Amino acid sequence: MIEYVISENIDDRVLRRAADLLRKGGVVAFPTDTSWSVGCSIASKDGIARLKKLVGRQPDAPLTVICSVLQQVSELCELSTVSFRTIKRLVPGPYVFILPSTNRAAKDFDLRRGELGVRIPENPVPCALVDALGLPLLSVTAKRTLLGVDAGDAEFPEELLFSAGWELDGIQGIDMVLDPGEEQERRVSTVLDLRTGEIEVVRRGAG
């Protein structure tokens, strides 16, 4: 189901419907500042299970958490002075930061991982969805492998990304698509590993 939205003035009723769906274990697709993502509530075990099933992720694969503010990042991850300053300087933007997870992440959300990938996108749609839900989102990049496309057929990773919301509508396992009606640039995010207190570029992307 597609819900069309205006990015800079999203209808509160649409956000409430999307947030209610996420609380009940739903999965929602939305644009970011790089491409399209698919996400669920960080607190929904059913949603997390459905998200993993949808994308066929391995159980030990890194998780990406979408936050709307830096305070949410600090509640889920251990932030050194270097990490805090780096993230504050670069967000919102097309970056994923790999950080050590906190005890709260394990206790409150059953995220028993030593690390988390977190991001605060510049696109207002996912941030508004986080605010409406009152919790961060667990997310994965929407790739054409959802349609059975072989990842090995792509010469560049961008070739596997979607550019329009209608391409995601009807994919089994996605309950709602929040679509601003504009094509997204197909870009990958820049991934920075901040776990050691130094900055290591894991992947060069749009950032």
# chains A, B, ... in the order shown; residues from 1 in each chain; ligands from 1

call {"tool": "residues_around", "arguments": {"residues": "Ala132 (chain A)", "least_positions_apart": "5", "cutoff": "7 Å", "atoms": "only C-alpha atoms", "output": "ChimeraX atom specification"}}
result
/A:15-16,19

call {"tool": "residues_around", "arguments": {"residues": "Ser101 (chain A)", "least_positions_apart": "6", "cutoff": "8 Å", "atoms": "only C-alpha atoms", "output": "list in words"}}
result
Leu76, Cys77, Glu78, Arg113, Gly114, Glu115 and Leu116 of chain A

call {"tool": "write_last_selection", "arguments": {"atoms": "N, CA and C atoms", "output": "mmCIF file, in the first residue's frame"}}
result
data_model
loop_
_atom_site.group_PDB
_atom_site.id
_atom_site.type_symbol
_atom_site.label_atom_id
_atom_site.label_comp_id
_atom_site.auth_asym_id
_atom_site.auth_seq_id
_atom_site.Cartn_x
_atom_site.Cartn_y
_atom_site.Cartn_z
ATOM 1 N N LEU A 76 21.670 4.137 22.734
ATOM 2 C CA LEU A 76 21.873 2.799 22.181
ATOM 3 C C LEU A 76 23.337 2.422 22.044
ATOM 4 N N CYS A 77 24.215 3.416 21.973
ATOM 5 C CA CYS A 77 25.622 3.156 21.680
ATOM 6 C C CYS A 77 26.539 3.910 22.630
ATOM 7 N N GLU A 78 27.712 3.331 22.864
ATOM 8 C CA GLU A 78 28.743 4.010 23.645
ATOM 9 C C GLU A 78 29.433 5.038 22.755
ATOM 10 N N ARG A 113 23.987 -7.432 20.617
ATOM 11 C CA ARG A 113 25.098 -7.319 19.674
ATOM 12 C C ARG A 113 26.172 -6.437 20.284
ATOM 13 N N GLY A 114 27.389 -6.714 19.958
ATOM 14 C CA GLY A 114 28.480 -5.884 20.453
ATOM 15 C C GLY A 114 28.598 -4.557 19.730
ATOM 16 N N GLU A 115 27.915 -4.452 18.600
ATOM 17 C CA GLU A 115 28.021 -3.237 17.794
ATOM 18 C C GLU A 115 26.694 -2.968 17.101
ATOM 19 N N LEU A 116 26.489 -1.714 16.764
ATOM 20 C CA LEU A 116 25.321 -1.309 15.982
ATOM 21 C C LEU A 116 25.774 -0.296 14.933
#

call {"tool": "residues_around", "arguments": {"residues": "region 6-11 of chain A", "least_positions_apart": "6", "cutoff": "12 Å", "atoms": "only C-alpha atoms", "output": "tab-separated table (two decimals) with all heavy atoms, in the first residue's frame"}}
result
chain	number	residue	atom	x	y	z
A	17	ARG	N	-0.83	6.35	11.16
A	17	ARG	CA	-1.14	5.02	10.62
A	17	ARG	C	0.13	4.18	10.47
A	17	ARG	O	0.14	3.00	10.79
A	17	ARG	CB	-1.86	5.15	9.26
A	17	ARG	CG	-3.30	5.60	9.36
A	17	ARG	CD	-4.06	5.30	8.08
A	17	ARG	NE	-3.59	6.11	6.96
A	17	ARG	CZ	-4.07	7.31	6.66
A	17	ARG	NH1	-5.01	7.87	7.40
A	17	ARG	NH2	-3.60	7.98	5.60
A	18	ALA	N	1.18	4.83	9.97
A	18	ALA	CA	2.44	4.10	9.80
A	18	ALA	C	3.02	3.68	11.14
A	18	ALA	O	3.50	2.55	11.30
A	18	ALA	CB	3.44	4.98	9.04
A	30	PHE	N	10.55	3.48	3.02
A	30	PHE	CA	10.60	4.94	3.02
A	30	PHE	C	11.90	5.40	2.35
A	30	PHE	O	12.89	4.67	2.31
A	30	PHE	CB	10.53	5.47	4.46
A	30	PHE	CG	11.42	4.73	5.41
A	30	PHE	CD1	12.78	5.04	5.53
A	30	PHE	CD2	10.91	3.71	6.19
A	30	PHE	CE1	13.60	4.35	6.39
A	30	PHE	CE2	11.73	3.00	7.06
A	30	PHE	CZ	13.07	3.32	7.17
A	31	PRO	N	11.90	6.63	1.85
A	31	PRO	CA	13.13	7.16	1.24
A	31	PRO	C	14.08	7.66	2.32
A	31	PRO	O	13.66	8.05	3.41
A	31	PRO	CB	12.62	8.32	0.39
A	31	PRO	CG	11.41	8.80	1.13
A	31	PRO	CD	10.78	7.57	1.75
A	32	THR	N	15.38	7.64	2.00
A	32	THR	CA	16.37	8.27	2.87
A	32	THR	C	17.16	9.26	2.02
A	32	THR	O	16.76	9.57	0.89
A	32	THR	CB	17.32	7.23	3.50
A	32	THR	OG1	18.18	6.70	2.48
A	32	THR	CG2	16.54	6.09	4.15
A	33	ASP	N	18.29	9.73	2.53
A	33	ASP	CA	19.10	10.65	1.75
A	33	ASP	C	20.05	9.92	0.82
A	33	ASP	O	20.87	10.55	0.15
A	33	ASP	CB	19.87	11.62	2.66
A	33	ASP	CG	20.55	10.91	3.82
A	33	ASP	OD1	20.51	9.66	3.85
A	33	ASP	OD2	21.09	11.59	4.70
A	122	GLU	N	19.25	12.81	6.40
A	122	GLU	CA	18.82	14.18	6.16
A	122	GLU	C	17.39	14.24	5.64
A	122	GLU	O	16.69	15.23	5.81
A	122	GLU	CB	19.77	14.86	5.17
A	122	GLU	CG	19.56	16.35	5.03
A	122	GLU	CD	20.65	17.02	4.23
A	122	GLU	OE1	21.46	16.30	3.60
A	122	GLU	OE2	20.69	18.25	4.22
A	123	ASN	N	16.93	13.15	4.99
A	123	ASN	CA	15.56	13.12	4.49
A	123	ASN	C	14.58	13.19	5.66
A	123	ASN	O	14.70	12.42	6.62
A	123	ASN	CB	15.35	11.83	3.69
A	123	ASN	CG	14.04	11.82	2.93
A	123	ASN	OD1	12.97	11.96	3.50
A	123	ASN	ND2	14.13	11.66	1.62
A	124	PRO	N	13.59	14.08	5.61
A	124	PRO	CA	12.68	14.26	6.75
A	124	PRO	C	11.69	13.11	6.95
A	124	PRO	O	11.14	12.98	8.04
A	124	PRO	CB	11.94	15.55	6.42
A	124	PRO	CG	12.03	15.70	4.94
A	124	PRO	CD	13.34	15.09	4.55
A	125	VAL	N	11.47	12.27	5.95
A	125	VAL	CA	10.44	11.22	6.07
A	125	VAL	C	10.79	10.20	7.14
A	125	VAL	O	9.99	9.96	8.06
A	125	VAL	CB	10.18	10.54	4.71
A	125	VAL	CG1	9.20	9.38	4.88
A	125	VAL	CG2	9.62	11.55	3.71
A	126	PRO	N	11.97	9.55	7.11
A	126	PRO	CA	12.26	8.58	8.17
A	126	PRO	C	12.37	9.21	9.54
A	126	PRO	O	11.98	8.60	10.54
A	126	PRO	CB	13.59	7.95	7.73
A	126	PRO	CG	14.18	8.92	6.77
A	126	PRO	CD	13.04	9.58	6.09
A	127	CYS	N	12.87	10.44	9.62
A	127	CYS	CA	12.98	11.11	10.91
A	127	CYS	C	11.60	11.41	11.50
A	127	CYS	O	11.38	11.24	12.70
A	127	CYS	CB	13.80	12.39	10.77
A	127	CYS	SG	15.54	12.10	10.36
A	128	ALA	N	10.67	11.82	10.65
A	128	ALA	CA	9.30	12.06	11.11
A	128	ALA	C	8.65	10.77	11.56
A	128	ALA	O	7.86	10.75	12.53
A	128	ALA	CB	8.48	12.71	9.99
A	129	LEU	N	8.97	9.67	10.89
A	129	LEU	CA	8.41	8.38	11.27
A	129	LEU	C	8.96	7.93	12.62
A	129	LEU	O	8.21	7.42	13.46
A	129	LEU	CB	8.74	7.34	10.19
A	129	LEU	CG	8.13	5.94	10.36
A	129	LEU	CD1	6.62	6.01	10.51
A	129	LEU	CD2	8.52	5.06	9.18
A	132	ALA	N	7.14	9.98	15.22
A	132	ALA	CA	5.75	9.54	15.41
A	132	ALA	C	5.70	8.24	16.20
A	132	ALA	O	4.80	8.04	17.03
A	132	ALA	CB	5.08	9.36	14.05
A	178	LEU	N	5.92	4.80	2.15
A	178	LEU	CA	5.75	6.24	2.30
A	178	LEU	C	6.47	6.91	1.14
A	178	LEU	O	7.70	6.96	1.10
A	178	LEU	CB	6.32	6.72	3.63
A	178	LEU	CG	5.63	6.18	4.89
A	178	LEU	CD1	6.31	6.72	6.15
A	178	LEU	CD2	4.14	6.53	4.90
A	179	ASP	N	5.70	7.40	0.19
A	179	ASP	CA	6.26	7.83	-1.09
A	179	ASP	C	6.06	9.33	-1.31
A	179	ASP	O	4.92	9.79	-1.42
A	179	ASP	CB	5.58	7.03	-2.22
A	179	ASP	CG	6.22	7.29	-3.58
A	179	ASP	OD1	7.19	8.06	-3.66
A	179	ASP	OD2	5.74	6.71	-4.57
A	180	PRO	N	7.14	10.11	-1.40
A	180	PRO	CA	7.01	11.53	-1.71
A	180	PRO	C	6.72	11.80	-3.18
A	180	PRO	O	6.56	12.94	-3.59
A	180	PRO	CB	8.37	12.11	-1.30
A	180	PRO	CG	9.31	10.96	-1.43
A	180	PRO	CD	8.53	9.73	-1.11
A	181	GLY	N	6.67	10.72	-3.99
A	181	GLY	CA	6.33	10.87	-5.40
A	181	GLY	C	7.47	11.35	-6.27
A	181	GLY	O	7.27	11.68	-7.44
A	182	GLU	N	8.65	11.40	-5.72
A	182	GLU	CA	9.82	11.84	-6.48
A	182	GLU	C	10.83	10.70	-6.52
A	182	GLU	O	10.98	9.95	-5.57
A	182	GLU	CB	10.47	13.06	-5.80
A	182	GLU	CG	9.51	14.23	-5.61
A	182	GLU	CD	10.09	15.26	-4.65
A	182	GLU	OE1	11.14	14.96	-4.04
A	182	GLU	OE2	9.49	16.33	-4.53

call {"tool": "select_by_dssp", "arguments": {"residues": "region 15-156 of chain A", "states": "helix (DSSP H, G or I)", "output": "ChimeraX atom specification"}}
result
/A:15-23,45-55,70-76,81-90,103-109,124-133,144-147,151-153

call {"tool": "atom_distance", "arguments": {"atom1": "CA of Arg203 (chain A)", "atom2": "CA of Leu90 (chain A)"}}
result
15.5 Å

call {"tool": "closest_atom_pairs", "arguments": {"of": "region 77-147 of chain A", "to": "region 190-200 of chain A", "cutoff": "7 Å", "atoms": "only C-alpha atoms", "output": "Markdown table"}}
result
| residue | atom | partner | partner_atom | distance |
| --- | --- | --- | --- | --- |
| A:Ser80 | CA | A:Gly197 | CA | 6.4 |
| A:Val82 | CA | A:Gly197 | CA | 6.0 |
| A:Ser83 | CA | A:Leu194 | CA | 6.0 |
| A:Pro94 | CA | A:Thr190 | CA | 6.3 |
| A:Tyr95 | CA | A:Thr190 | CA | 4.8 |
| A:Val96 | CA | A:Val191 | CA | 4.7 |
| A:Phe97 | CA | A:Leu192 | CA | 5.0 |
| A:Ile98 | CA | A:Asp193 | CA | 4.6 |
| A:Leu99 | CA | A:Arg195 | CA | 5.0 |
| A:Pro100 | CA | A:Arg195 | CA | 5.9 |

call {"tool": "write_last_selection", "arguments": {"atoms": "N, CA and C atoms", "output": "mmCIF file, in the first residue's frame"}}
result
data_model
loop_
_atom_site.group_PDB
_atom_site.id
_atom_site.type_symbol
_atom_site.label_atom_id
_atom_site.label_comp_id
_atom_site.auth_asym_id
_atom_site.auth_seq_id
_atom_site.Cartn_x
_atom_site.Cartn_y
_atom_site.Cartn_z
ATOM 1 N N SER A 80 32.428 7.804 22.490
ATOM 2 C CA SER A 80 33.621 8.483 22.976
ATOM 3 C C SER A 80 33.534 9.955 22.566
ATOM 4 N N VAL A 82 35.576 11.527 20.619
ATOM 5 C CA VAL A 82 35.815 11.583 19.176
ATOM 6 C C VAL A 82 34.566 11.179 18.405
ATOM 7 N N SER A 83 33.908 10.111 18.842
ATOM 8 C CA SER A 83 32.698 9.631 18.166
ATOM 9 C C SER A 83 31.606 10.690 18.206
ATOM 10 N N PRO A 94 24.304 11.352 4.869
ATOM 11 C CA PRO A 94 24.344 9.988 4.320
ATOM 12 C C PRO A 94 25.459 9.131 4.910
ATOM 13 N N TYR A 95 25.456 8.988 6.228
ATOM 14 C CA TYR A 95 26.495 8.237 6.920
ATOM 15 C C TYR A 95 25.894 7.157 7.813
ATOM 16 N N VAL A 96 26.572 6.024 7.885
ATOM 17 C CA VAL A 96 26.290 4.999 8.889
ATOM 18 C C VAL A 96 27.512 4.921 9.793
ATOM 19 N N PHE A 97 27.283 4.990 11.109
ATOM 20 C CA PHE A 97 28.368 4.952 12.081
ATOM 21 C C PHE A 97 28.304 3.624 12.835
ATOM 22 N N ILE A 98 29.395 2.878 12.819
ATOM 23 C CA ILE A 98 29.468 1.628 13.570
ATOM 24 C C ILE A 98 30.021 1.935 14.945
ATOM 25 N N LEU A 99 29.235 1.585 15.988
ATOM 26 C CA LEU A 99 29.573 1.940 17.360
ATOM 27 C C LEU A 99 29.341 0.758 18.293
ATOM 28 N N PRO A 100 30.019 0.727 19.451
ATOM 29 C CA PRO A 100 29.720 -0.307 20.449
ATOM 30 C C PRO A 100 28.322 -0.079 21.017
#

call {"tool": "residues_around", "arguments": {"residues": "Arg144 (chain A)", "least_positions_apart": "4", "cutoff": "8 Å", "atoms": "only C-alpha atoms", "output": "ChimeraX atom specification"}}
result
/A:148-149,151,160-162

call {"tool": "write_last_selection", "arguments": {"atoms": "N, CA and C atoms", "output": "tab-separated table (two decimals), in the first residue's frame"}}
result
chain	number	residue	atom	x	y	z
A	148	GLY	N	14.19	-10.94	-6.32
A	148	GLY	CA	14.83	-12.14	-6.86
A	148	GLY	C	15.99	-11.86	-7.79
A	149	VAL	N	16.42	-10.59	-7.87
A	149	VAL	CA	17.57	-10.24	-8.71
A	149	VAL	C	18.85	-10.73	-8.05
A	151	ALA	N	22.42	-10.55	-6.80
A	151	ALA	CA	23.33	-9.45	-6.48
A	151	ALA	C	24.61	-9.51	-7.31
A	160	LEU	N	21.67	-2.05	-7.70
A	160	LEU	CA	20.68	-2.87	-7.00
A	160	LEU	C	19.65	-2.05	-6.24
A	161	LEU	N	19.82	-0.73	-6.21
A	161	LEU	CA	18.94	0.12	-5.43
A	161	LEU	C	17.70	0.52	-6.23
A	162	PHE	N	16.64	0.85	-5.50
A	162	PHE	CA	15.42	1.35	-6.12
A	162	PHE	C	15.48	2.87	-6.21

call {"tool": "closest_residue", "arguments": {"among": "A:Trp36, A:Val65, A:Leu54, A:Val73", "to": "Arg186 (chain A)", "atoms": "only C-alpha atoms"}}
result
A:Trp36

call {"tool": "closest_residue", "arguments": {"among": "A:Ala49, A:Ile171, A:Ser163, A:Lys143", "to": "Glu183 (chain A)", "atoms": "only C-alpha atoms"}}
result
A:Ser163

call {"tool": "residues_around", "arguments": {"residues": "Val27 (chain A)", "least_positions_apart": "5", "cutoff": "6 Å", "atoms": "only C-alpha atoms", "output": "PDB file with N, CA, C and O atoms, in the first residue's frame"}}
result
ATOM      1  N   GLY A  39      12.007  -0.724   6.996  1.00  0.00           N
ATOM      2  CA  GLY A  39      12.269  -0.755   8.426  1.00  0.00           C
ATOM      3  C   GLY A  39      11.101  -1.231   9.257  1.00  0.00           C
ATOM      4  O   GLY A  39       9.964  -1.346   8.787  1.00  0.00           O
ATOM      5  N   CYS A  40      11.415  -1.491  10.530  1.00  0.00           N
ATOM      6  CA  CYS A  40      10.415  -1.892  11.512  1.00  0.00           C
ATOM      7  C   CYS A  40      10.754  -1.197  12.826  1.00  0.00           C
ATOM      8  O   CYS A  40      11.820  -0.590  12.969  1.00  0.00           O
ATOM      9  N   ILE A 174       6.251  -6.146   2.649  1.00  0.00           N
ATOM     10  CA  ILE A 174       6.228  -4.700   2.896  1.00  0.00           C
ATOM     11  C   ILE A 174       4.770  -4.260   3.014  1.00  0.00           C
ATOM     12  O   ILE A 174       3.986  -4.442   2.083  1.00  0.00           O
ATOM     13  N   ASP A 175       4.405  -3.695   4.168  1.00  0.00           N
ATOM     14  CA  ASP A 175       3.010  -3.353   4.427  1.00  0.00           C
ATOM     15  C   ASP A 175       2.630  -1.962   3.928  1.00  0.00           C
ATOM     16  O   ASP A 175       1.479  -1.717   3.589  1.00  0.00           O
TER      17      ASP A 175
END

call {"tool": "closest_residue", "arguments": {"among": "A:Ala29, A:Ile66, A:Ile2, A:Met176", "to": "Leu138 (chain A)", "atoms": "only C-alpha atoms"}}
result
A:Ile66

call {"tool": "select_by_dssp", "arguments": {"residues": "region 86-159 of chain A", "states": "strand (DSSP E or B)", "output": "list in words"}}
result
Tyr95, Val96, Phe97, Ile98, Leu99, Pro100, Ser101, Glu115, Leu116, Gly117, Val118, Arg119, Leu137, Leu138, Ser139, Val140, Thr141 and Lys143 of chain A

call {"tool": "atom_distance", "arguments": {"atom1": "CA of Gly165 (chain A)", "atom2": "CA of Leu147 (chain A)"}}
result
14.1 Å

call {"tool": "decode", "arguments": {"residues": "region 119-130 of chain A", "atoms": "all heavy atoms", "output": "JSON list (two decimals), in the first residue's frame"}}
result
[["chain", "number", "residue", "atom", "x", "y", "z"],
["A", 119, "ARG", "N", 22.36, 5.69, 12.02],
["A", 119, "ARG", "CA", 22.37, 6.82, 11.10],
["A", 119, "ARG", "C", 21.25, 7.78, 11.42],
["A", 119, "ARG", "O", 20.22, 7.39, 12.00],
["A", 119, "ARG", "CB", 22.27, 6.35, 9.64],
["A", 119, "ARG", "CG", 20.96, 5.71, 9.26],
["A", 119, "ARG", "CD", 20.91, 5.29, 7.80],
["A", 119, "ARG", "NE", 21.20, 6.40, 6.90],
["A", 119, "ARG", "CZ", 21.05, 6.36, 5.59],
["A", 119, "ARG", "NH1", 20.63, 5.24, 5.01],
["A", 119, "ARG", "NH2", 21.32, 7.40, 4.84],
["A", 120, "ILE", "N", 21.46, 9.03, 11.08],
["A", 120, "ILE", "CA", 20.42, 10.07, 11.17],
["A", 120, "ILE", "C", 20.34, 10.68, 9.78],
["A", 120, "ILE", "O", 21.15, 11.53, 9.41],
["A", 120, "ILE", "CB", 20.77, 11.15, 12.22],
["A", 120, "ILE", "CG1", 20.95, 10.51, 13.60],
["A", 120, "ILE", "CG2", 19.66, 12.21, 12.26],
["A", 120, "ILE", "CD1", 21.36, 11.50, 14.68],
["A", 121, "PRO", "N", 19.38, 10.25, 8.96],
["A", 121, "PRO", "CA", 19.31, 10.73, 7.58],
["A", 121, "PRO", "C", 18.87, 12.18, 7.49],
["A", 121, "PRO", "O", 18.19, 12.70, 8.38],
["A", 121, "PRO", "CB", 18.26, 9.81, 6.93],
["A", 121, "PRO", "CG", 17.84, 8.84, 7.97],
["A", 121, "PRO", "CD", 18.34, 9.30, 9.27],
["A", 122, "GLU", "N", 19.25, 12.81, 6.40],
["A", 122, "GLU", "CA", 18.82, 14.18, 6.16],
["A", 122, "GLU", "C", 17.39, 14.24, 5.64],
["A", 122, "GLU", "O", 16.69, 15.23, 5.81],
["A", 122, "GLU", "CB", 19.77, 14.86, 5.17],
["A", 122, "GLU", "CG", 19.56, 16.35, 5.03],
["A", 122, "GLU", "CD", 20.65, 17.02, 4.23],
["A", 122, "GLU", "OE1", 21.46, 16.30, 3.60],
["A", 122, "GLU", "OE2", 20.69, 18.25, 4.22],
["A", 123, "ASN", "N", 16.93, 13.15, 4.99],
["A", 123, "ASN", "CA", 15.56, 13.12, 4.49],
["A", 123, "ASN", "C", 14.58, 13.19, 5.66],
["A", 123, "ASN", "O", 14.70, 12.42, 6.62],
["A", 123, "ASN", "CB", 15.35, 11.83, 3.69],
["A", 123, "ASN", "CG", 14.04, 11.82, 2.93],
["A", 123, "ASN", "OD1", 12.97, 11.96, 3.50],
["A", 123, "ASN", "ND2", 14.13, 11.66, 1.62],
["A", 124, "PRO", "N", 13.59, 14.08, 5.61],
["A", 124, "PRO", "CA", 12.68, 14.26, 6.75],
["A", 124, "PRO", "C", 11.69, 13.11, 6.95],
["A", 124, "PRO", "O", 11.14, 12.98, 8.04],
["A", 124, "PRO", "CB", 11.94, 15.55, 6.42],
["A", 124, "PRO", "CG", 12.03, 15.70, 4.94],
["A", 124, "PRO", "CD", 13.34, 15.09, 4.55],
["A", 125, "VAL", "N", 11.47, 12.27, 5.95],
["A", 125, "VAL", "CA", 10.44, 11.22, 6.07],
["A", 125, "VAL", "C", 10.79, 10.20, 7.14],
["A", 125, "VAL", "O", 9.99, 9.96, 8.06],
["A", 125, "VAL", "CB", 10.18, 10.54, 4.71],
["A", 125, "VAL", "CG1", 9.20, 9.38, 4.88],
["A", 125, "VAL", "CG2", 9.62, 11.55, 3.71],
["A", 126, "PRO", "N", 11.97, 9.55, 7.11],
["A", 126, "PRO", "CA", 12.26, 8.58, 8.17],
["A", 126, "PRO", "C", 12.37, 9.21, 9.54],
["A", 126, "PRO", "O", 11.98, 8.60, 10.54],
["A", 126, "PRO", "CB", 13.59, 7.95, 7.73],
["A", 126, "PRO", "CG", 14.18, 8.92, 6.77],
["A", 126, "PRO", "CD", 13.04, 9.58, 6.09],
["A", 127, "CYS", "N", 12.87, 10.44, 9.62],
["A", 127, "CYS", "CA", 12.98, 11.11, 10.91],
["A", 127, "CYS", "C", 11.60, 11.41, 11.50],
["A", 127, "CYS", "O", 11.38, 11.24, 12.70],
["A", 127, "CYS", "CB", 13.80, 12.39, 10.77],
["A", 127, "CYS", "SG", 15.54, 12.10, 10.36],
["A", 128, "ALA", "N", 10.67, 11.82, 10.65],
["A", 128, "ALA", "CA", 9.30, 12.06, 11.11],
["A", 128, "ALA", "C", 8.65, 10.77, 11.56],
["A", 128, "ALA", "O", 7.86, 10.75, 12.53],
["A", 128, "ALA", "CB", 8.48, 12.71, 9.99],
["A", 129, "LEU", "N", 8.97, 9.67, 10.89],
["A", 129, "LEU", "CA", 8.41, 8.38, 11.27],
["A", 129, "LEU", "C", 8.96, 7.93, 12.62],
["A", 129, "LEU", "O", 8.21, 7.42, 13.46],
["A", 129, "LEU", "CB", 8.74, 7.34, 10.19],
["A", 129, "LEU", "CG", 8.13, 5.94, 10.36],
["A", 129, "LEU", "CD1", 6.62, 6.01, 10.51],
["A", 129, "LEU", "CD2", 8.52, 5.06, 9.18],
["A", 130, "VAL", "N", 10.25, 8.14, 12.87],
["A", 130, "VAL", "CA", 10.84, 7.84, 14.17],
["A", 130, "VAL", "C", 10.16, 8.66, 15.26],
["A", 130, "VAL", "O", 9.82, 8.15, 16.33],
["A", 130, "VAL", "CB", 12.36, 8.11, 14.15],
["A", 130, "VAL", "CG1", 12.94, 8.08, 15.56],
["A", 130, "VAL", "CG2", 13.07, 7.10, 13.27]]
